[in-house]
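Source file: target.txt (compact mmCIF, C-alpha atoms and all ligand atoms)
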# COMPACT_ATOMS: atom_id res chain seq x y z
CA MET L 8 50.07 84.95 157.39
CA THR L 9 49.18 85.82 153.80
CA ASP L 10 45.89 84.86 152.16
CA ALA L 11 46.70 82.57 149.21
CA ARG L 12 43.55 83.76 147.40
CA ALA L 13 44.52 87.41 147.64
CA VAL L 14 45.32 89.07 144.34
CA PRO L 15 48.79 90.57 144.56
CA ALA L 16 48.75 94.36 144.91
CA GLU L 17 50.70 94.81 141.70
CA ARG L 18 48.02 92.86 139.76
CA HIS L 19 45.32 95.14 141.22
CA GLU L 20 47.43 98.09 140.22
CA ALA L 21 47.95 96.72 136.68
CA ALA L 22 44.21 96.09 136.29
CA ALA L 23 43.42 99.62 137.47
CA GLN L 24 45.78 100.98 134.86
CA THR L 25 44.33 98.89 132.03
CA THR L 26 41.28 100.11 130.14
CA ILE L 27 41.27 97.50 127.37
CA LEU L 28 42.89 94.11 127.36
CA ILE L 29 42.79 92.06 124.18
CA GLU L 30 44.17 88.53 124.31
CA GLU L 31 44.70 86.43 121.18
CA ILE L 32 41.63 87.73 119.38
CA ARG L 33 40.66 86.05 116.13
CA LYS L 34 37.84 86.80 113.72
CA ARG L 35 37.19 85.11 110.42
CA TYR L 36 34.76 86.08 107.67
CA GLY L 37 34.30 83.02 105.48
CA GLY L 38 37.78 82.06 104.29
CA ARG L 39 39.37 85.32 105.33
CA GLU L 40 40.90 85.84 108.75
CA ALA L 41 40.31 89.57 109.34
CA VAL L 42 41.89 89.49 112.82
CA ALA L 43 44.50 86.80 113.17
CA GLY L 44 45.53 86.56 116.82
CA VAL L 45 45.85 90.08 118.20
CA SER L 46 46.87 90.82 121.79
CA LEU L 47 47.24 94.32 123.15
CA GLN L 48 46.60 96.50 126.16
CA VAL L 49 45.32 100.06 126.20
CA ARG L 50 46.25 101.87 129.39
CA ARG L 51 44.03 104.23 131.31
CA GLY L 52 44.30 107.78 129.99
CA GLU L 53 46.22 106.65 126.95
CA PHE L 54 45.77 108.04 123.44
CA PHE L 55 46.11 104.78 121.51
CA GLY L 56 46.35 104.77 117.72
CA LEU L 57 45.29 101.93 115.48
CA LEU L 58 46.90 102.16 112.05
CA GLY L 59 46.96 99.94 109.03
CA PRO L 60 46.09 99.75 105.36
CA ASN L 61 42.54 99.28 104.07
CA GLY L 62 41.29 95.85 105.04
CA ALA L 63 43.94 95.33 107.76
CA GLY L 64 41.26 94.51 110.33
CA LYS L 65 41.09 97.78 112.29
CA THR L 66 37.32 98.22 112.15
CA THR L 67 36.71 94.58 113.00
CA LEU L 68 39.01 94.83 116.01
CA VAL L 69 37.46 98.10 117.20
CA GLU L 70 33.94 96.70 116.79
CA ILE L 71 34.97 93.72 118.92
CA MET L 72 36.20 96.14 121.62
CA GLU L 73 32.99 98.15 121.38
CA GLY L 74 30.88 95.01 121.82
CA LEU L 75 29.36 95.33 118.35
CA ARG L 76 30.93 92.15 117.03
CA GLU L 77 31.73 88.79 118.58
CA ALA L 78 35.25 87.43 118.29
CA ASP L 79 35.65 83.81 117.17
CA SER L 80 38.17 83.22 119.94
CA GLY L 81 40.31 85.07 122.43
CA LYS L 82 39.42 87.32 125.33
CA VAL L 83 38.39 90.97 125.44
CA THR L 84 38.12 92.97 128.64
CA VAL L 85 36.95 96.58 128.48
CA LEU L 86 36.87 98.62 131.70
CA GLY L 87 37.12 95.35 133.60
CA GLN L 88 34.17 93.70 131.84
CA SER L 89 33.42 91.63 128.79
CA PRO L 90 31.78 93.77 126.07
CA TRP L 91 30.10 90.72 124.50
CA PRO L 92 27.24 89.79 124.59
CA ARG L 93 26.20 93.48 124.34
CA ASN L 94 26.97 94.77 127.82
CA VAL L 95 24.57 97.56 128.77
CA GLU L 96 26.61 98.41 131.85
CA LEU L 97 29.45 99.44 129.62
CA LEU L 98 27.44 101.68 127.28
CA PRO L 99 27.40 104.78 129.52
CA ARG L 100 31.14 104.43 130.04
CA MET L 101 32.03 104.35 126.34
CA GLY L 102 31.65 106.93 123.58
CA VAL L 103 31.72 105.91 119.94
CA GLN L 104 32.21 108.17 116.93
CA THR L 105 32.04 106.45 113.58
CA GLN L 106 32.65 107.82 110.11
CA SER L 107 28.98 107.44 109.28
CA SER L 108 27.71 109.20 112.41
CA ALA L 109 23.99 109.88 112.12
CA PHE L 110 22.65 113.38 112.77
CA PHE L 111 19.27 114.91 113.28
CA VAL L 112 19.88 117.28 110.38
CA ARG L 113 16.72 119.38 110.80
CA GLN L 114 17.85 120.41 114.27
CA THR L 115 20.40 122.93 115.39
CA ALA L 116 23.70 121.64 116.75
CA ARG L 117 22.47 122.28 120.27
CA GLU L 118 19.08 120.61 119.73
CA HIS L 119 20.85 117.62 118.20
CA LEU L 120 23.08 117.28 121.24
CA ASN L 121 20.19 117.80 123.63
CA THR L 122 18.45 114.91 121.91
CA VAL L 123 21.55 112.71 122.21
CA ALA L 124 21.91 113.76 125.86
CA ALA L 125 18.29 112.82 126.53
CA LEU L 126 18.86 109.39 124.95
CA PHE L 127 21.68 108.83 127.42
CA GLY L 128 19.60 110.23 130.27
CA VAL L 129 21.92 113.16 130.97
CA GLY L 130 20.95 116.83 131.29
CA ARG L 131 21.21 119.75 128.90
CA GLU L 132 24.21 121.16 130.77
CA ALA L 133 26.10 118.10 129.54
CA ALA L 134 25.17 118.97 125.96
CA ASP L 135 26.40 122.54 126.40
CA SER L 136 29.63 121.42 127.96
CA ALA L 137 30.25 118.88 125.14
CA LEU L 138 29.66 121.68 122.61
CA GLU L 139 32.23 123.75 124.44
CA ASP L 140 34.72 120.86 124.59
CA VAL L 141 34.71 120.64 120.80
CA GLY L 142 34.71 124.41 120.24
CA LEU L 143 31.22 124.56 118.78
CA THR L 144 29.54 126.88 121.27
CA GLY L 145 29.53 129.71 118.73
CA ARG L 146 27.75 127.50 116.17
CA ARG L 147 25.22 125.92 118.51
CA ASP L 148 22.20 127.59 116.91
CA VAL L 149 23.15 126.62 113.35
CA MET L 150 21.14 123.86 111.69
CA VAL L 151 23.16 120.67 111.47
CA GLU L 152 22.70 120.59 107.69
CA ASN L 153 24.34 124.03 107.46
CA LEU L 154 27.45 123.08 109.42
CA SER L 155 30.70 122.58 107.51
CA GLY L 156 32.24 119.11 107.25
CA GLY L 157 34.70 119.93 110.03
CA GLN L 158 31.98 121.26 112.29
CA ARG L 159 29.94 118.11 111.72
CA GLN L 160 32.94 116.01 112.65
CA ARG L 161 33.19 118.00 115.87
CA LEU L 162 29.51 117.51 116.51
CA ALA L 163 29.98 113.76 116.00
CA ILE L 164 32.71 113.84 118.63
CA ALA L 165 30.53 115.92 120.95
CA SER L 166 27.78 113.30 120.52
CA ALA L 167 30.25 110.62 121.59
CA LEU L 168 31.23 112.71 124.63
CA VAL L 169 27.97 114.05 125.88
CA HIS L 170 27.43 111.38 128.53
CA GLY L 171 30.95 111.81 129.94
CA PRO L 172 32.48 108.45 128.91
CA GLU L 173 35.84 107.33 130.25
CA LEU L 174 36.69 105.60 127.00
CA ILE L 175 36.20 107.08 123.54
CA PHE L 176 36.53 105.34 120.17
CA LEU L 177 37.22 107.72 117.31
CA ASP L 178 37.23 106.42 113.75
CA GLU L 179 39.10 108.73 111.38
CA PRO L 180 37.55 111.89 112.80
CA THR L 181 39.69 114.12 110.59
CA ALA L 182 38.90 112.35 107.31
CA ALA L 183 37.95 114.90 104.63
CA LEU L 184 38.95 117.93 106.69
CA ASP L 185 41.12 120.74 105.35
CA PRO L 186 44.57 121.15 106.93
CA GLN L 187 43.51 123.97 109.24
CA ALA L 188 40.36 122.14 110.37
CA ARG L 189 42.49 119.06 111.06
CA ARG L 190 44.87 121.04 113.22
CA ASP L 191 41.96 122.64 115.07
CA LEU L 192 40.52 119.21 115.75
CA TRP L 193 43.89 118.00 117.06
CA GLU L 194 43.58 120.61 119.78
CA VAL L 195 40.12 119.34 120.65
CA LEU L 196 41.48 115.80 120.89
CA ARG L 197 44.42 116.87 123.03
CA GLY L 198 41.89 118.53 125.33
CA LEU L 199 40.04 115.21 125.71
CA LYS L 200 43.26 113.50 126.68
CA ARG L 201 44.03 116.22 129.22
CA GLN L 202 40.65 115.48 130.79
CA GLY L 203 42.01 111.99 131.50
CA ARG L 204 39.91 110.09 128.98
CA THR L 205 41.23 107.03 127.22
CA ILE L 206 41.07 107.34 123.45
CA VAL L 207 41.27 104.62 120.82
CA TYR L 208 41.95 106.35 117.57
CA THR L 209 41.84 104.91 114.07
CA THR L 210 43.46 106.98 111.37
CA HIS L 211 45.20 106.85 108.02
CA HIS L 212 47.04 110.11 108.75
CA LEU L 213 50.47 109.14 109.99
CA ASP L 214 51.46 112.69 110.92
CA GLU L 215 48.38 112.82 113.09
CA ALA L 216 49.20 109.57 114.83
CA GLU L 217 52.72 110.82 115.44
CA ALA L 218 51.48 114.12 116.85
CA LEU L 219 48.67 112.78 119.03
CA CYS L 220 49.16 109.18 120.05
CA ASP L 221 51.03 107.93 123.10
CA ARG L 222 51.38 104.54 121.44
CA VAL L 223 50.30 103.10 118.12
CA ALA L 224 49.67 99.59 116.86
CA ILE L 225 50.21 98.99 113.16
CA LEU L 226 47.97 96.22 111.89
CA VAL L 227 48.85 94.39 108.70
CA ASP L 228 46.73 91.50 107.44
CA GLY L 229 45.00 91.11 110.80
CA ARG L 230 48.21 90.94 112.81
CA ILE L 231 50.14 93.48 114.82
CA ALA L 232 53.24 94.34 112.84
CA ALA L 233 54.47 96.89 115.39
CA LEU L 234 53.32 98.40 118.66
CA ASP L 235 55.17 101.12 120.52
CA THR L 236 55.43 104.86 120.98
CA PRO L 237 55.83 106.71 117.68
CA HIS L 238 59.23 107.87 118.92
CA ASN L 239 60.49 104.35 119.60
CA LEU L 240 59.10 103.02 116.35
CA VAL L 241 60.88 105.71 114.39
CA SER L 242 64.17 105.47 116.22
CA SER L 243 64.35 101.67 116.21
CA ALA L 244 63.29 101.21 112.60
CA GLY L 245 66.63 102.18 111.11
CA VAL L 246 64.91 104.11 108.32
CA PRO L 247 67.52 106.25 106.54
CA THR L 248 67.76 110.01 106.87
CA ARG L 249 67.60 111.97 103.59
CA LEU L 250 69.90 114.86 102.85
CA MET L 251 68.89 117.19 100.03
CA ILE L 252 71.78 119.06 98.42
CA PRO L 253 71.10 121.66 95.70
CA ALA L 254 71.91 119.99 92.36
CA GLY L 255 75.27 120.86 90.82
CA ARG L 256 77.18 121.18 94.06
CA LEU L 257 78.13 117.53 94.25
CA SER L 258 77.81 114.77 91.66
CA PRO L 259 76.06 111.47 92.52
CA GLU L 260 79.41 109.69 92.02
CA GLU L 261 81.19 112.01 94.46
CA ALA L 262 78.38 111.56 96.97
CA LEU L 263 78.52 107.76 96.69
CA GLY L 264 82.22 108.02 97.52
CA ILE L 265 81.36 109.41 100.99
CA GLU L 266 81.48 106.73 103.66
CA GLY L 267 77.99 106.07 105.03
CA VAL L 268 76.02 107.19 101.95
CA ASP L 269 73.64 104.38 100.95
CA SER L 270 72.25 105.99 97.81
CA ALA L 271 72.52 109.21 95.84
CA GLU L 272 69.95 110.26 93.25
CA LEU L 273 69.05 113.47 91.45
CA GLN L 274 65.40 114.35 92.19
CA GLY L 275 63.59 117.62 91.42
CA GLY L 276 66.57 119.97 91.54
CA SER L 277 68.29 118.26 94.48
CA LEU L 278 70.80 115.53 94.96
CA VAL L 279 69.12 113.28 97.50
CA LEU L 280 71.39 111.16 99.69
CA GLU L 281 70.17 108.42 101.99
CA THR L 282 72.23 107.59 105.04
CA ARG L 283 71.97 105.99 108.45
CA VAL L 284 74.88 108.03 109.80
CA SER L 285 73.74 111.54 109.00
CA GLY L 286 76.21 113.37 111.28
CA GLN L 287 79.20 111.74 109.63
CA VAL L 288 77.86 112.32 106.13
CA LEU L 289 76.97 115.96 106.84
CA THR L 290 80.53 116.60 107.99
CA ALA L 291 81.86 115.13 104.74
CA VAL L 292 79.34 117.09 102.63
CA ASP L 293 80.36 120.27 104.44
CA LYS L 294 83.99 119.72 103.46
CA LEU L 295 83.18 118.92 99.82
CA ALA L 296 80.33 121.28 99.01
CA GLY L 297 79.37 123.36 102.05
CA LEU L 298 76.12 123.04 103.98
CA SER L 299 74.22 126.13 102.88
CA ASP L 300 70.73 125.24 101.64
CA VAL L 301 71.31 121.57 102.48
CA GLN L 302 68.09 120.16 103.91
CA THR L 303 67.77 117.17 106.20
CA ARG L 304 64.69 114.97 106.36
CA THR L 305 64.69 112.56 109.25
CA ALA L 306 62.54 109.44 109.34
CA THR L 307 58.89 109.78 110.30
CA LEU L 308 56.24 107.36 111.41
CA GLU L 309 55.06 107.36 107.81
CA ASP L 310 58.41 105.93 106.67
CA VAL L 311 58.18 103.19 109.30
CA TYR L 312 54.59 102.48 108.35
CA LEU L 313 55.36 102.26 104.63
CA GLU L 314 58.28 99.98 105.26
CA LEU L 315 56.20 97.65 107.44
CA THR L 316 53.06 97.63 105.35
CA GLY L 317 55.01 97.35 102.11
CA SER L 318 57.06 94.38 103.26
CA LEU L 319 54.34 92.48 105.13
CA ALA L 320 51.08 93.13 103.28
CA GLY L 321 49.59 90.12 101.58
CA THR L 322 51.87 87.59 103.25
CA GLY L 323 49.45 86.17 105.80
CA GLN L 324 46.11 85.68 104.13
CA ASP L 325 44.28 82.95 102.37
CA GLY L 326 42.76 85.16 99.70
CA ASP L 327 40.51 88.10 99.29
CA ASN L 328 37.74 86.46 97.37
CA ASP L 329 35.64 85.08 100.18
CA THR L 330 34.29 88.20 101.76
CA GLU L 331 30.57 87.72 101.89
CA GLN L 332 28.79 89.75 104.59
CA GLN L 333 28.88 87.99 107.91
CA ALA L 334 28.05 89.07 111.41
N1 LIG A 1 30.98 91.97 107.55
C1 LIG A 1 31.96 91.48 106.79
N2 LIG A 1 31.79 90.36 106.03
C2 LIG A 1 32.80 89.85 105.30
N3 LIG A 1 34.03 90.37 105.26
C3 LIG A 1 34.28 91.46 106.00
C4 LIG A 1 33.26 92.08 106.79
N4 LIG A 1 33.79 93.15 107.43
C5 LIG A 1 35.08 93.22 107.03
N5 LIG A 1 35.36 92.20 106.18
C6 LIG A 1 36.68 91.93 105.58
O1 LIG A 1 37.61 91.77 106.64
C7 LIG A 1 38.83 92.42 106.32
C8 LIG A 1 39.13 93.49 107.38
O2 LIG A 1 38.17 94.52 107.25
P1 LIG A 1 38.12 95.76 108.24
O3 LIG A 1 36.94 96.61 107.82
O4 LIG A 1 38.14 95.28 109.64
O5 LIG A 1 39.49 96.50 107.87
P2 LIG A 1 39.95 98.00 108.13
O6 LIG A 1 41.37 97.89 108.55
O7 LIG A 1 39.02 98.68 109.05
O8 LIG A 1 39.85 98.66 106.69
P3 LIG A 1 39.58 100.21 106.27
O9 LIG A 1 40.83 100.98 106.59
O10 LIG A 1 39.36 100.08 104.80
O11 LIG A 1 38.36 100.69 107.00
C9 LIG A 1 38.66 92.98 104.91
O12 LIG A 1 39.19 92.04 104.01
C10 LIG A 1 37.17 93.09 104.74
O13 LIG A 1 36.81 92.93 103.39

Step by step, read the file and then write its structure as structure tokens.
Amino acid sequence: MTDARAVPAERHEAAAQTTILIEEIRKRYGGREAVAGVSLQVRRGEFFGLLGPNGAGKTTLVEIMEGLREADSGKVTVLGQSPWPRNVELLPRMGVQTQSSAFFVRQTAREHLNTVAALFGVGREAADSALEDVGLTGRRDVMVENLSGGQRQRLAIASALVHGPELIFLDEPTAALDPQARRDLWEVLRGLKRQGRTIVYTTHHLDEAEALCDRVAILVDGRIAALDTPHNLVSSAGVPTRLMIPAGRLSPEEALGIEGVDSAELQGGSLVLETRVSGQVLTAVDKLAGLSDVQTRTATLEDVYLELTGSLAGTGQDGDNDTEQQA
């Protein structure tokens, strides 16, 4: 005989695999609905990206997940618990890096982390291992104020990691970094994922989201405009491929005569064709003008993002003029 009260095994399994569950969350500031009915699930061990234009509601949503802000309605479950009202049981299990991370600037990187470790009640070994995780061991004796911007960003991440949280919130950790420092930090972040941590990642860098995230949600005007793997978003969006042909080899009129070419325009020394059937068009271009020096640019997450944010932004709000500070 089965126990009617028993939770089916698959529901237990689903709960074990879910780190964050957001159900129909809404948050209004005065007349503006910053989060307008968002539901999503972040799976255990997932690198989850939150994308969207300025003012889309990302910070509000993340703060609701972190237990820093109360939703007007809807349900939030983080690691099986409600983060609001401020849930002290959850604090040791979560790490939070914000863009305005505070540092003890008159300390060395190591002293800073030791202080953070002490606040969390963990030992100095944890501080050393967090420094190693972010590749800062060699800079541990440098005063925080003498670290470069990229090294400070790493220290901010180390501060969010020092107590060994299962879930980490990272808010634009690569903002203001040079290209090499960004790439270096990507490796650090991949390392965190390999350790099995769940990461909620807010960024404006679409290439970064594409390179790092298992799935991304694109927020527009407080609503989810798309949620999927970067690969699926790109392949299902139907964004055209661009072919760049050195100018002079083919005229725009000739190109427009090729079946499957949607547009043809001269831009910066190239004839740029847009098509959704690139194989077919390349074959035709080969016959007419040859393929040497022809470049192909396939759609990226940035194309999908721009299409979504461009077509949806501003359609679902009651105005931007009622934004007084509210808790
Ligand atoms: N404390 C607040 N009081 C009033 N309005 C707020 C408050 N916080 C955010 N807002 C408004 O809510 C909307 C969403 O803001 P939010 O900071 O969540 O967006 P965001 O996607 O994080 O933006 P950004 O990319 O610029 O950080 C914006 O219109 C913003 O002006």

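CA of Arg222 (chain L) sits 24.4 Å away from CA of Arg283 (chain L).
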
- prompt: Using all atoms listed in the file, which residue out of L:Leu226, L:Ile175, L:Ala232, L:Val45 lies closest to ligand LIG 1 (chain A)?
  reply: L:Leu226

message: Could you list, as a PyMOL selection string, every residue within 12 Å of Arg189 (chain L), counting all atoms listed in the file and ignoring same-chain residues fewer than 3 positions away?
response: chain L and resi 156-158+160-161+179-186+192-196+212+214-215+218-219

task: Determine, counting all atoms listed in the file, every residue of protein, DNA or RNA that lies within 6 Å of (33.8, 105.8, 123.9) in the file coordinates, then give the result as a VMD selection string.
output: chain L and resid 101 to 103 172 174 to 176

Next, dump the selected residues to file, keeping only C-alpha atoms, as an mmCIF file, in the coordinates of the input.
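again-v3.cif was written with the following content:
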data_model
loop_
_atom_site.group_PDB
_atom_site.id
_atom_site.type_symbol
_atom_site.label_atom_id
_atom_site.label_comp_id
_atom_site.auth_asym_id
_atom_site.auth_seq_id
_atom_site.Cartn_x
_atom_site.Cartn_y
_atom_site.Cartn_z
ATOM 1 C CA MET L 101 32.030 104.350 126.340
ATOM 2 C CA GLY L 102 31.650 106.930 123.580
ATOM 3 C CA VAL L 103 31.720 105.910 119.940
ATOM 4 C CA PRO L 172 32.480 108.450 128.910
ATOM 5 C CA LEU L 174 36.690 105.600 127.000
ATOM 6 C CA ILE L 175 36.200 107.080 123.540
ATOM 7 C CA PHE L 176 36.530 105.340 120.170
#

Atom C2 of ligand LIG 1 (chain A) to CA of Arg35 (chain L), distance in Å rounded to a single decimal: 8.2 Å

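The gap separating CA of Ala134 (chain L) from CA of Asn121 (chain L) is 5.6 Å, in Å to one decimal.
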
task: Check the smallest atom-to-atom distance from each of L:Asn239, L:Ser166, L:Thr209, L:Gln202 to ligand LIG 1 (chain A) using all atoms listed in the file, then report the winner.
output: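 Of all the options, L:Thr209 lies closest to ligand LIG 1 (chain A).
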
field: Residue contacts of Ala125 (chain L) (10 Å, all atoms listed in the file) excluding same-chain residues fewer than 5 positions away, as a PyMOL selection string
entry: chain L and resi 119-120+130-131+133-134+169-170

query: For ligand LIG 1 (chain A), which residue out of L:Gly62, L:Gly74, L:Gly264, L:Gly44 is the nearest one, using all atoms listed in the file?
result: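 Under the stated criterion, the closest residue is L:Gly62.
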
task: Go through L:Leu273, L:Leu154, L:Val284, L:Leu75 one by one, measure the shortest atom-to-atom distance of each to ligand LIG 1 (chain A) using all atoms listed in the file, and give the residue with the smallest value.
output: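 For ligand LIG 1 (chain A), the nearest of the candidates is L:Leu75.
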
task: Find the residues near Gly229 (chain L): any atom within 8 Å, counting only C-alpha atoms, skip ones fewer than 2 places away on the same chain, and give them as a PyMOL selection string.
output: chain L and resi 40-45+63-65+226-227+231

- request: Pick out the residues sitting within 9 Å of Thr307 (chain L), and hand them over as a list in words; count only C-alpha atoms, and ignore anything fewer than 2 positions along from it in its own chain.
  value: Leu213, Asp214, Glu217, Pro237, His238, Val241, Val246, Arg304, Thr305, Glu309, Asp310, Val311 and Tyr312 of chain L

For region 281-291 of chain L, take all atoms listed in the file, fit an axis-aligned box around them, add 6 Å to each of the six sides, then output centre and edge lengths in Å rounded to one decimal, as lines of an AutoDock Vina configuration file.
center_x = 76.0
center_y = 111.3
center_z = 106.6
size_x = 23.7
size_y = 22.6
size_z = 21.3

- request: Could you check which of L:Gly317, L:Pro259, L:Pro60, L:Gly38 is closest to ligand LIG 1 (chain A), using only C-alpha atoms and all ligand atoms?
  value: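 Smallest separation from ligand LIG 1 (chain A) among the options: L:Pro60.
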
Please provide as a PDB file with C-alpha atoms, in the coordinates of the input all residues within 8 Å of Arg113 (chain L), with the sequence filter that same-chain residues fewer than 4 positions apart are discarded (counting only C-alpha atoms).
ATOM      1  CA  MET L 150      21.140 123.860 111.690  1.00  0.00           C
ATOM      2  CA  VAL L 151      23.160 120.670 111.470  1.00  0.00           C
ATOM      3  CA  GLU L 152      22.700 120.590 107.690  1.00  0.00           C
TER       4      GLU L 152
END

query: Restricting the calculation to only C-alpha atoms and all ligand atoms, which member of L:Gln106, L:Ser46, L:Thr67, L:Ser80 is positioned closest to ligand LIG 1 (chain A)?
result: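 Nearest candidate to ligand LIG 1 (chain A) out of L:Gln106, L:Ser46, L:Thr67, L:Ser80: L:Thr67.
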
- request: Name the residues, using the chain letters and numbers of the file, that sit within 6 Å of (46.0, 98.1, 122.2) when counting all atoms listed in the file, and give them as number ranges by chain.
  value: L: 47-49
